[in-house]
Amino acid sequence: MFLSESLQKSSMITANKLIRIIPLLVFAAGSFLFFSQIDVRLVYNQQQPVFFKGFEYFLGFLLYPGGICDYLSNYLTQFFFYKTPGAIVAALSIAVTTISVQILLSSIFKMRLGRTLAIVIAMFLLLLHGNYNYPLSVSISFDSAIIGAIMYGVIRSGNRQIRLFSFLLLALATYWICAGHFFVFALTCILMEILLRKSYWLALLQLSIAAAIPYSVATFFIISTLRNAYSHCLPFYYSFTPAFAPYALYGFFFAIIPAQKFLDSLAAIDRPSNAGYSGMKTSSAPIIPFIAECFIAVTAAGLPLLISFSPINKSCLEMDYYAESGQWTEVKNQLNVVMHRPNLQREIPLFTNRQMYPFYVNQALYRSGSLLDSMFCFSQPQPPVGMVVPNDVAEHCPYYASNLYFELGLMNVAKRWAYEAYATTKTPQVLYRLALACLCVNERQDARICLAMLQKCELFQDSARYLSHLLDCDSSLKGDVNLQKIISDMPDSDYVVHGFGLDPNVDIALLYRQKPGNAMALEYTVANFLQTYRIDSLPGYVQGFSRLHYARLPRHVQEALIFFEAANKKEIDLRGYVFDERILTGFKEFMEILANHNASFAAARDELRYKFGSTYWYYLYNAKPGQQQ
Amino acid sequence: MIAPFLHIKAIAFIVLTMLLNVQCSHMRFDAGPVRHIPRKPVISPDYSDITIPPKIAPLNFRAVEKAKYYCARMYAPHGDTLYIDSKTGAFRIPPRAWKKLLLANRGDSLSIVLYGKDTVASWFQYDAITMHVSKDTIDRYCAYRLIDPLYKLWDNMGIYQRDLQSFEQTTVLENATLVNVSPEKSDEPVSKSCVNCHSFYNKNSNKMIIHTRGGSGTGMIIINNDSIIKVDTKTAFNKSPGAYAAWHPDGNLIALTVMSVHQFFHAVRRTRDVIDTRSDLVLYDIARNTISTCKAIADPAQMETFPEWSPDGRYLYFCSTPMPDSSFTIYNDTAYATIRYSLKRIRFDQKTREWGKLETVLSDTEANHSIILPKISPDGRFLLFCEAHYGNFPIHAPESDLYLMDLATFKYSKLWINSDFTESYHSWSSNGRWIVFSSKRDSSTCARPYFCHIDSLGRVSKPFILPQKDPDFYSSFYKTYNIPELVATPIKDHWRKLYEVAQGKRGIRKAVFEK
């Protein structure tokens with residue numbers, strides 16, 4: 001009888017423990033879904049974290065406050081390269097936050113709703129993660145600060161000197177580990193002294209120490225600005241949706257502790273020693289608070305998706321991601337998502353995206369073989385900006401610019417932009433691009449240095465092996481068809497590449513002049529002529545299509561040539577090509593509509609847009625006055 | 001009772017093992033016959049047949065030969081022989097023993113014999129690699145700027161000093177905290193200063209200048225013992241700040257180049273290029289905080305650059321070329337390739353501050369090249385300079401080579417130490433017996449500092465690269481060593497003040513143009 005009662009009690013305790021975990025599991029699962037939805041690969045693409053194996057790399061992070069969290073963050077963010085493992089790592093970091101805050105609130109501050117409040121606090125962290133620039137180091141350093149505070153909390157000594165000494169040691173360690181978040185540790189310790197131990201003088205002393213440590217470190221030990229010394233690893237320098245998210249996190253955290261204590265003192269409730277679910281006795285049925293807590297957990301995981309997550313932002317970042325990784329079919333798919341949105345340019349939140357969108361469009365179209373057939377189905381950049389990224393824009397996305405020029409075969413320019421990217425972010429992708437570009441121009445020593453660095457990147461071993469193979473074995477290099485095509489497309493004789501403020505499309509035209517077999521150079525040059533209304537230059541390029549065995553002239557080229565013939569009343573030598581009947585008929589209809597409106601394009605605009613919005617003729621007529629040459 | 005006994009046993013075991021290990025390391029290649037391979041082994045970096053200073057950090061190296069196990073024997077006429085084992089082929093020489101060996105053998109040769117053990121467990125050895133230990137000392141420090149292979153964008157960079165007797169590198173000034181004052185939002189780029197063109201007075205680190213551009217503000221930082229000031233050298237005469245600098249021996253005047261630099265890019269071969277579209281020389285007077293110039297060194301029809309004082313201060317050497325006409329553009333064929341500098345000098349009277357007659361020391365037509373970066377040896381006997389096909393930026397010119405001119409006869413010749421790649425910036429040691437120069441022979445993008453001995457007749461020894469603790473250091477180090485300068489004394493540890501001045505917290509003195 002006694003045994004069965006004891007077993008029953010034991011199973012109830014186990015069940016109760018399990019039940020306690022369930023809201024946390026629900027929240028963890030919700031966090032995982034949150035990170036899956038925001039797609040951590042885009043975070044990786046935005047932040048381009050670098051992590052090299054080896055002590056030398058680690059040593060660099062030991063030398064400044066917050067470096068250890070930065071190091072950990074760089075390591076863990078590597079997993080963001082993959083969608084699901086990345087989401088698991090990010091969700092685990094949130095779970096660590098939840099558990100550590102729960103321990104702090106429930107065990108140290110003896111708060112009755114510790115777990116629920118911990119979930120709410122973790123929710124604020126999730127909100128911050130909605131910003132793709134938000135580094136994981138902020139969450140890690142927050143966790144470290146909380147763990148430091150827990151360690152201080154477990155020191156039960158009544159001796160104030162021992163507590164002060166412990167605080168000093170922990171404060172120094174915490175500051176070096178998590179920099180600015182050291183204040184979370186310090187203020188929590190101070191709250192412990194005030195609320196739990198009633199040691200006001202000690203709290204004041206701790207406050208002074210907390211204020212002095214970053215100042216002393218920045219003044220006497222390291223080279224840093226005071227602002228950095230106090231705020232590194234804090235999230236205040238990032239823009240969030242909603243903007244108050246970081247303030248809400250700290251505000252809530254530091255408000256609930258005294259508030260709860262105040263309420264407790266009013267109610268004069270002592271927490272029962274055998275407290276079970278949320279402070280209730282283990283024998284009582286915990287079903288209602290359990291459901292409530294699960295509901296809070298679901299809400300806490302879901303709310304950030306509603307508040308801080310922007311689908312259009314994600315779409316744009318996806319375009320960045322796909323464009324930089326050369327997944328042009330995906331870029332095209334993404335285009336179909338975003339192109340139907342009105343006010344797209346205004347909606348796109350990031351500068352790079354706004355500037356890059358047209359270039360992605362055109363490259364995706366080129367990749368799918370439909371650049372000159374359907375580029376005017378999409379909004380094109382305002383002339384004189386052409387097909388390639390102007391230098392001032394490329395400075396914001398040097399890696400993308402490098403990729404574009406690499407494909408074009410302008411290897412020196414590709415190398416230049418890869419070096420620009422390397423100067424700002426030494427990512428494995430940049431190293432790989434640099435190594436390949438150096439290999440193409442036969443600068444093997446440089447390629448080997450890049451390869452040696454790439455070999456220190458754990459996740460890029462396959463790329464490093466492939467590169468090593470190319471470097472060591474000439475026959476492999478010659479057997480790489482894509483690389484050989486690019487090498488054969490490279491210019492032979494030198495010319496000065498057009499610099500800042502000048503039109504880089506000229507360089508493509510010069511390249512084409514040297515390499516008429518370079519199809520990308522041909523299409524980009526012709527596309528640039530079309531974009532900039534220079535259709536009088538087009539007849540000279542018809543031969544180029546013939547030389548490259550195009551089955552027919554691309555649609556926009558035909559449209560432009562038909563217009564040119566009509567305008568100049570002379571026939572062009574089409575080198576055996578003929579105009580499509582459908583396009584000829586379309587042109588007639590276009591002109592008829594125009595004539596029906598007394599040749600006023602403004603009057604005919606709506607009708608023409610409806611029927612011919614994706615044609616070159618519409619683009620030509622729709623140009624702003626003065627733009628047409 | 002058993003525990004202490006176990007401890008004694010363990011300690012005895014460890015000691016015995018250590019002893020055995022030491023014995024083995026000496027015995028391994030002595031045991032059995034050793035096959036001789038009649039050639040020198042390939043080692044990286046290449047330290048064979050070089051002349052080294054008597055106090056240089058250990059020349060750690062890697063054997064680029066296949067073997068299962070390696071051993072190196074280092075010996076010289078005096079001192080103990082060193083034995084170093086390696087499983088990987090990387091040899092790290094014990095610093096103390098190395099130092100002892102070098103000091104005992106000043107003026108003698110040091111040999112390294114490399115042994116290898118092949119797969120059938122038999123030993124083989126190569127011919128000895130020899131290096132000469134010079135009696136001439138080298139300045140203890142080398143200051144340089146470490147930068148990424150920069151084009152236009154940059155992030156972190158800094159000026160560092162390296163103790164040549166050890167592997168210690170200390171920071172002089174880094175740009176991490178020299179940021180612009182605009183609001184720091186993570187979404188916006190934070191612009192960091194470019195720190196550059198460090199120049200020392202008389203190889204003395206207590207008197208030096210460093211330039212900063214952008215970020216926390218453009219200016220010239222003058223360190224004069226404990227006084228550190230930042231000067232804005234832009235005046236009514238020169239819209240651009242001073243750059244390339246040369247200290248007059250009086251320690252108060254600094255000759256500076258003020259110029260408009262233009263970077264451009266090539267489609268084939270050399271990626272980047274730099275030319276000046278205008279440049280002049282000015283004199284900055286530290287005591288009076290004035291900038292002055294004269295027509296001879298700031299001729300509107302000429303571009304003058306790279307000033308260098310003779311050690312007695314009576315001549316200012318510099319490079320000069322006619323100013324391109326107003327229609328000049330770099331996109332116009334290869335007009336830029338016609339810009340070639342001649343080497344000129346002008347007499348200067350320090351007391352009256354009067355300039356003498358301008359002389360052409362070596363014209364570009366005579367040299368058939370552009371003459372750049374003149375540097376005179378401390379005894380005034382030799383002038384080391386670069387020659388390139390055109391322009392004044394040898395670091396980007398793969399064909400740039402070092403030449404030495406005897407100032408007693410004005411005869412000059414190309415140094416044999418040049419490689420097929422860029423040889424560029426160079427600096428003399430204070431005793432004039434060593435030079436350090438930038439070379440891109442190991443990477444066509446990143447320059448590395450090479451040292452070589454030069455005797456009283458101007459004969460140079462085979463150059464060697466700055467030694468590093470890790471023999472493989474350069475194989476994965478992708479930064480360029482910019483402007484290596486030999487300095488006799490360490491740069492003072494007054495970084496807090498230096499940073500505050502660089503950040504502009506202590507104000508900027510505005511130089512005044514003195515007509």
# chains A, B, ... in the order shown; residues from 1 in each chain; ligands from 1
>>> closest_atom_pairs(of="chain B", to="chain A", cutoff="9 Å", atoms="only C-alpha atoms", output="Markdown table")
| residue | atom | partner | partner_atom | distance |
| --- | --- | --- | --- | --- |
| B:Ile147 | CA | A:Ala423 | CA | 8.8 |
| B:Asp148 | CA | A:Ala423 | CA | 5.9 |
| B:Pro149 | CA | A:Tyr419 | CA | 6.6 |
| B:Leu150 | CA | A:Ala423 | CA | 6.7 |
| B:Tyr151 | CA | A:Glu420 | CA | 6.3 |
| B:Lys152 | CA | A:Glu420 | CA | 6.8 |
| B:Leu153 | CA | A:Glu420 | CA | 5.6 |
| B:Trp154 | CA | A:Ala423 | CA | 5.1 |
| B:Asp155 | CA | A:Thr424 | CA | 5.4 |
| B:Asn156 | CA | A:Ala423 | CA | 8.1 |
| B:Glu174 | CA | A:Ile223 | CA | 8.6 |
| B:Ala176 | CA | A:Ser224 | CA | 7.8 |
| B:Thr177 | CA | A:Ser224 | CA | 5.8 |
| B:Leu178 | CA | A:Thr225 | CA | 8.9 |
| B:Glu184 | CA | A:Tyr237 | CA | 6.8 |
| B:Lys185 | CA | A:Tyr237 | CA | 4.9 |
| B:Ser186 | CA | A:Tyr238 | CA | 5.4 |
| B:Asp187 | CA | A:Tyr238 | CA | 6.9 |
| B:Gln263 | CA | A:Gly499 | CA | 8.6 |
| B:Phe264 | CA | A:Gly499 | CA | 6.5 |
| B:Phe265 | CA | A:Val497 | CA | 5.3 |
| B:His266 | CA | A:Val496 | CA | 4.7 |
| B:Ala267 | CA | A:Asp494 | CA | 5.3 |
| B:Val268 | CA | A:Asp494 | CA | 4.8 |
| B:Arg269 | CA | A:Asp494 | CA | 7.4 |
| B:Arg270 | CA | A:Asn412 | CA | 8.0 |
| B:Thr271 | CA | A:Asn412 | CA | 5.4 |
| B:Arg272 | CA | A:Arg416 | CA | 8.1 |
| B:Ile330 | CA | A:Val496 | CA | 7.2 |
| B:Tyr331 | CA | A:Val496 | CA | 6.0 |
| B:Asn332 | CA | A:Val496 | CA | 8.8 |
| B:Asp333 | CA | A:Tyr495 | CA | 7.7 |
| B:Thr334 | CA | A:Tyr495 | CA | 8.3 |
| B:Asp442 | CA | A:Gln445 | CA | 6.7 |
| B:Ser443 | CA | A:Gln445 | CA | 5.4 |
| B:Ser444 | CA | A:Asp446 | CA | 6.7 |
| B:Thr445 | CA | A:Asp446 | CA | 7.0 |
| B:Cys446 | CA | A:Asp446 | CA | 8.4 |
| B:Tyr474 | CA | A:Ile449 | CA | 8.0 |
| B:Ser475 | CA | A:Ile449 | CA | 5.4 |
| B:Ser476 | CA | A:Ile449 | CA | 4.8 |
| B:Phe477 | CA | A:Ile449 | CA | 6.9 |
| B:Tyr478 | CA | A:Ile449 | CA | 6.8 |
| B:Trp495 | CA | A:Ile223 | CA | 8.3 |
| B:Arg496 | CA | A:Thr219 | CA | 7.6 |
| B:Tyr499 | CA | A:Ile223 | CA | 8.0 |
>>> residues_around(residues="Phe529 in chain A", least_positions_apart="3", cutoff="12 Å", atoms="only C-alpha atoms", output="MDAnalysis selection string")
chainID A and resid 372 383:387 505:506 508:509 522:526 532:541 556:557 560:561 616 620 628:629
>>> write_last_selection(atoms="C-alpha atoms", output="compact mmCIF listing (two decimals), in the first residue's frame")
# COMPACT_ATOMS: atom_id res chain seq x y z
CA LEU A 372 16.99 40.26 -75.04
CA PRO A 383 19.50 55.56 -68.19
CA PRO A 384 22.42 56.13 -68.36
CA VAL A 385 22.78 53.31 -65.81
CA GLY A 386 23.16 50.22 -67.87
CA MET A 387 23.52 46.56 -67.45
CA ASN A 505 29.22 49.40 -70.02
CA VAL A 506 31.88 50.84 -72.28
CA ILE A 508 31.93 45.46 -71.93
CA ALA A 509 31.69 46.89 -75.43
CA LEU A 522 27.39 40.72 -76.86
CA GLU A 523 24.06 40.48 -75.09
CA TYR A 524 25.05 42.94 -72.38
CA THR A 525 26.35 45.42 -74.94
CA VAL A 526 23.21 45.16 -77.07
CA THR A 532 20.00 53.81 -73.55
CA TYR A 533 17.96 54.22 -76.77
CA ARG A 534 21.03 53.88 -79.02
CA ILE A 535 19.26 51.74 -81.60
CA ASP A 536 21.30 53.22 -84.42
CA SER A 537 24.23 51.15 -83.11
CA LEU A 538 22.28 47.90 -83.29
CA PRO A 539 22.55 47.01 -87.00
CA GLY A 540 26.29 46.57 -86.55
CA TYR A 541 25.68 43.86 -83.98
CA HIS A 556 13.65 43.16 -78.35
CA VAL A 557 16.39 43.37 -80.99
CA ALA A 560 14.26 47.87 -82.13
CA LEU A 561 15.37 47.08 -85.69
CA TYR A 616 10.74 47.78 -76.56
CA LEU A 620 11.17 53.78 -76.07
CA GLN A 628 15.83 59.52 -76.18
CA GLN A 629 18.72 60.19 -78.45
>>> residues_around(residues="Thr170 in chain B", least_positions_apart="6", cutoff="10 Å", atoms="only C-alpha atoms", output="list in words")
Ala143, Ile159, Tyr160, Gln161, Arg162, Asp163, Pro490, Ile491 and Asp493 of chain B
>>> select_by_dssp(residues="range 69-188 of chain B", states="strand (DSSP E or B)", output="ChimeraX atom specification")
/B:69-75,82-86,90-91,109-117,123-126,129-133,141-147,158-163,169-174,179
>>> residues_around(residues="Met303 in chain B", least_positions_apart="3", cutoff="12 Å", atoms="only C-alpha atoms", output="ChimeraX atom specification")
/B:257-261,275-281,295-300,306-307,318-325,339-344,391-392
>>> atom_distance(atom1="CA of Leu365 in chain A", atom2="CA of Leu335 in chain A")
10.4 Å
>>> closest_residue(among="A:Asp606, A:Asp573, A:Asp373, A:Glu592", to="Arg555 in chain A", atoms="only C-alpha atoms")
A:Asp373
>>> residues_around(residues="Gly251 in chain B", least_positions_apart="4", cutoff="12 Å", atoms="only C-alpha atoms", output="ChimeraX atom specification")
/B:200-204,206-209,222-225,246-247,255,284-287,309,311-313,350
>>> closest_residue(among="A:Glu571, A:Glu607, A:Glu559, A:Glu318", to="Thr585 in chain A", atoms="only C-alpha atoms")
A:Glu559
>>> select_by_dssp(residues="range 229-474 of chain A", states="alpha helix (DSSP H)", output="PyMOL selection string")
chain A and resi 229-231+245-267+287-307+311-324+328-338+344-347+351-367+371-374+391-394+398-408+411-424+428-440+444-454+461-472+474
>>> residues_around(residues="range 37-42 of chain B", least_positions_apart="2", cutoff="9 Å", atoms="only C-alpha atoms", output="ChimeraX atom specification")
/B:35,44-46,48,62-65,113-114,124-129
>>> write_last_selection(atoms="N, CA and C atoms", output="short mmCIF file (atom, residue, chain, number, x, y, z; two decimals), in the first residue's frame")
data_model
loop_
_atom_site.label_atom_id
_atom_site.label_comp_id
_atom_site.auth_asym_id
_atom_site.auth_seq_id
_atom_site.Cartn_x
_atom_site.Cartn_y
_atom_site.Cartn_z
N ARG B 35 72.57 8.27 -46.84
CA ARG B 35 72.72 8.45 -48.28
C ARG B 35 72.87 9.95 -48.59
N SER B 44 61.70 26.70 -47.50
CA SER B 44 60.83 27.87 -47.62
C SER B 44 60.68 28.53 -46.23
N PRO B 45 60.95 29.81 -46.14
CA PRO B 45 61.50 30.74 -47.14
C PRO B 45 62.93 30.35 -47.51
N ASP B 46 63.38 30.87 -48.62
CA ASP B 46 64.71 30.53 -49.11
C ASP B 46 65.77 31.33 -48.33
N SER B 48 69.06 30.18 -48.21
CA SER B 48 70.39 29.69 -48.58
C SER B 48 71.23 30.82 -49.17
N ARG B 62 60.75 25.75 -43.51
CA ARG B 62 60.13 24.45 -43.81
C ARG B 62 60.92 23.79 -44.93
N ALA B 63 61.18 22.51 -44.76
CA ALA B 63 61.85 21.76 -45.81
C ALA B 63 60.81 21.35 -46.85
N VAL B 64 61.03 21.79 -48.09
CA VAL B 64 60.07 21.45 -49.15
C VAL B 64 60.60 20.21 -49.87
N GLU B 65 60.91 19.21 -49.12
CA GLU B 65 61.40 17.94 -49.66
C GLU B 65 60.59 16.85 -48.99
N VAL B 113 72.57 21.47 -42.34
CA VAL B 113 72.46 20.23 -43.11
C VAL B 113 71.10 19.63 -42.83
N LEU B 114 70.39 19.35 -43.87
CA LEU B 114 69.06 18.76 -43.71
C LEU B 114 69.13 17.25 -43.95
N PHE B 124 68.86 10.06 -45.40
CA PHE B 124 69.59 10.71 -46.50
C PHE B 124 69.84 12.15 -46.09
N GLN B 125 70.85 12.73 -46.71
CA GLN B 125 71.17 14.12 -46.39
C GLN B 125 71.47 14.90 -47.66
N TYR B 126 71.23 16.21 -47.57
CA TYR B 126 71.49 17.09 -48.71
C TYR B 126 72.78 17.86 -48.46
N ASP B 127 73.21 18.56 -49.49
CA ASP B 127 74.35 19.47 -49.30
C ASP B 127 73.97 20.53 -48.27
N ALA B 128 74.98 21.06 -47.62
CA ALA B 128 74.70 22.06 -46.57
C ALA B 128 74.25 23.38 -47.19
N ILE B 129 73.30 23.97 -46.50
CA ILE B 129 72.90 25.35 -46.85
C ILE B 129 73.77 26.26 -46.00
#
>>> residues_around(residues="Ile112 in chain B", least_positions_apart="2", cutoff="12 Å", atoms="only C-alpha atoms", output="PyMOL selection string")
chain B and resi 40-41+43+47-49+59-61+63+71-76+81-84+91+93+109-110+114-115+125-132
>>> write_last_selection(atoms="C-alpha atoms", output="CSV table (one decimal), in the first residue's frame")
chain,number,residue,atom,x,y,z
B,40,LYS,CA,70.9,21.7,-51.7
B,41,PRO,CA,67.5,21.1,-50.3
B,43,ILE,CA,63.5,25.3,-48.1
B,47,TYR,CA,67.5,31.3,-46.7
B,48,SER,CA,70.4,29.7,-48.6
B,49,ASP,CA,73.5,31.7,-49.4
B,59,LEU,CA,65.2,31.9,-39.5
B,60,ASN,CA,62.6,29.2,-39.0
B,61,PHE,CA,61.9,27.4,-42.2
B,63,ALA,CA,61.8,21.8,-45.8
B,71,CYS,CA,66.3,16.5,-38.9
B,72,ALA,CA,68.4,19.7,-39.3
B,73,ARG,CA,72.0,20.1,-38.0
B,74,MET,CA,73.2,23.7,-37.7
B,75,TYR,CA,76.8,24.2,-37.1
B,76,ALA,CA,79.4,27.0,-37.4
B,81,THR,CA,76.0,22.4,-33.0
B,82,LEU,CA,72.2,22.6,-33.0
B,83,TYR,CA,70.0,19.6,-33.8
B,84,ILE,CA,66.3,20.1,-34.6
B,91,PHE,CA,61.8,23.8,-38.3
B,93,ILE,CA,64.9,27.1,-34.1
B,109,SER,CA,79.5,31.1,-42.0
B,110,LEU,CA,76.8,29.1,-40.6
B,114,LEU,CA,69.1,18.8,-43.7
B,115,TYR,CA,68.5,15.1,-43.1
B,125,GLN,CA,71.2,14.1,-46.4
B,126,TYR,CA,71.5,17.1,-48.7
B,127,ASP,CA,74.3,19.5,-49.3
B,128,ALA,CA,74.7,22.1,-46.6
B,129,ILE,CA,72.9,25.3,-46.9
B,130,THR,CA,75.2,28.1,-45.8
B,131,MET,CA,74.6,31.6,-44.7
B,132,HIS,CA,77.1,34.3,-43.8
>>> closest_residue(among="A:Tyr247, A:Tyr399, A:Tyr619, A:Phe109", to="Cys189 in chain A", atoms="only C-alpha atoms")
A:Phe109
>>> atom_distance(atom1="CA of Lys66 in chain B", atom2="CA of Glu458 in chain A")
27.0 Å
>>> atom_distance(atom1="CA of Phe382 in chain B", atom2="CA of Tyr317 in chain B")
12.6 Å
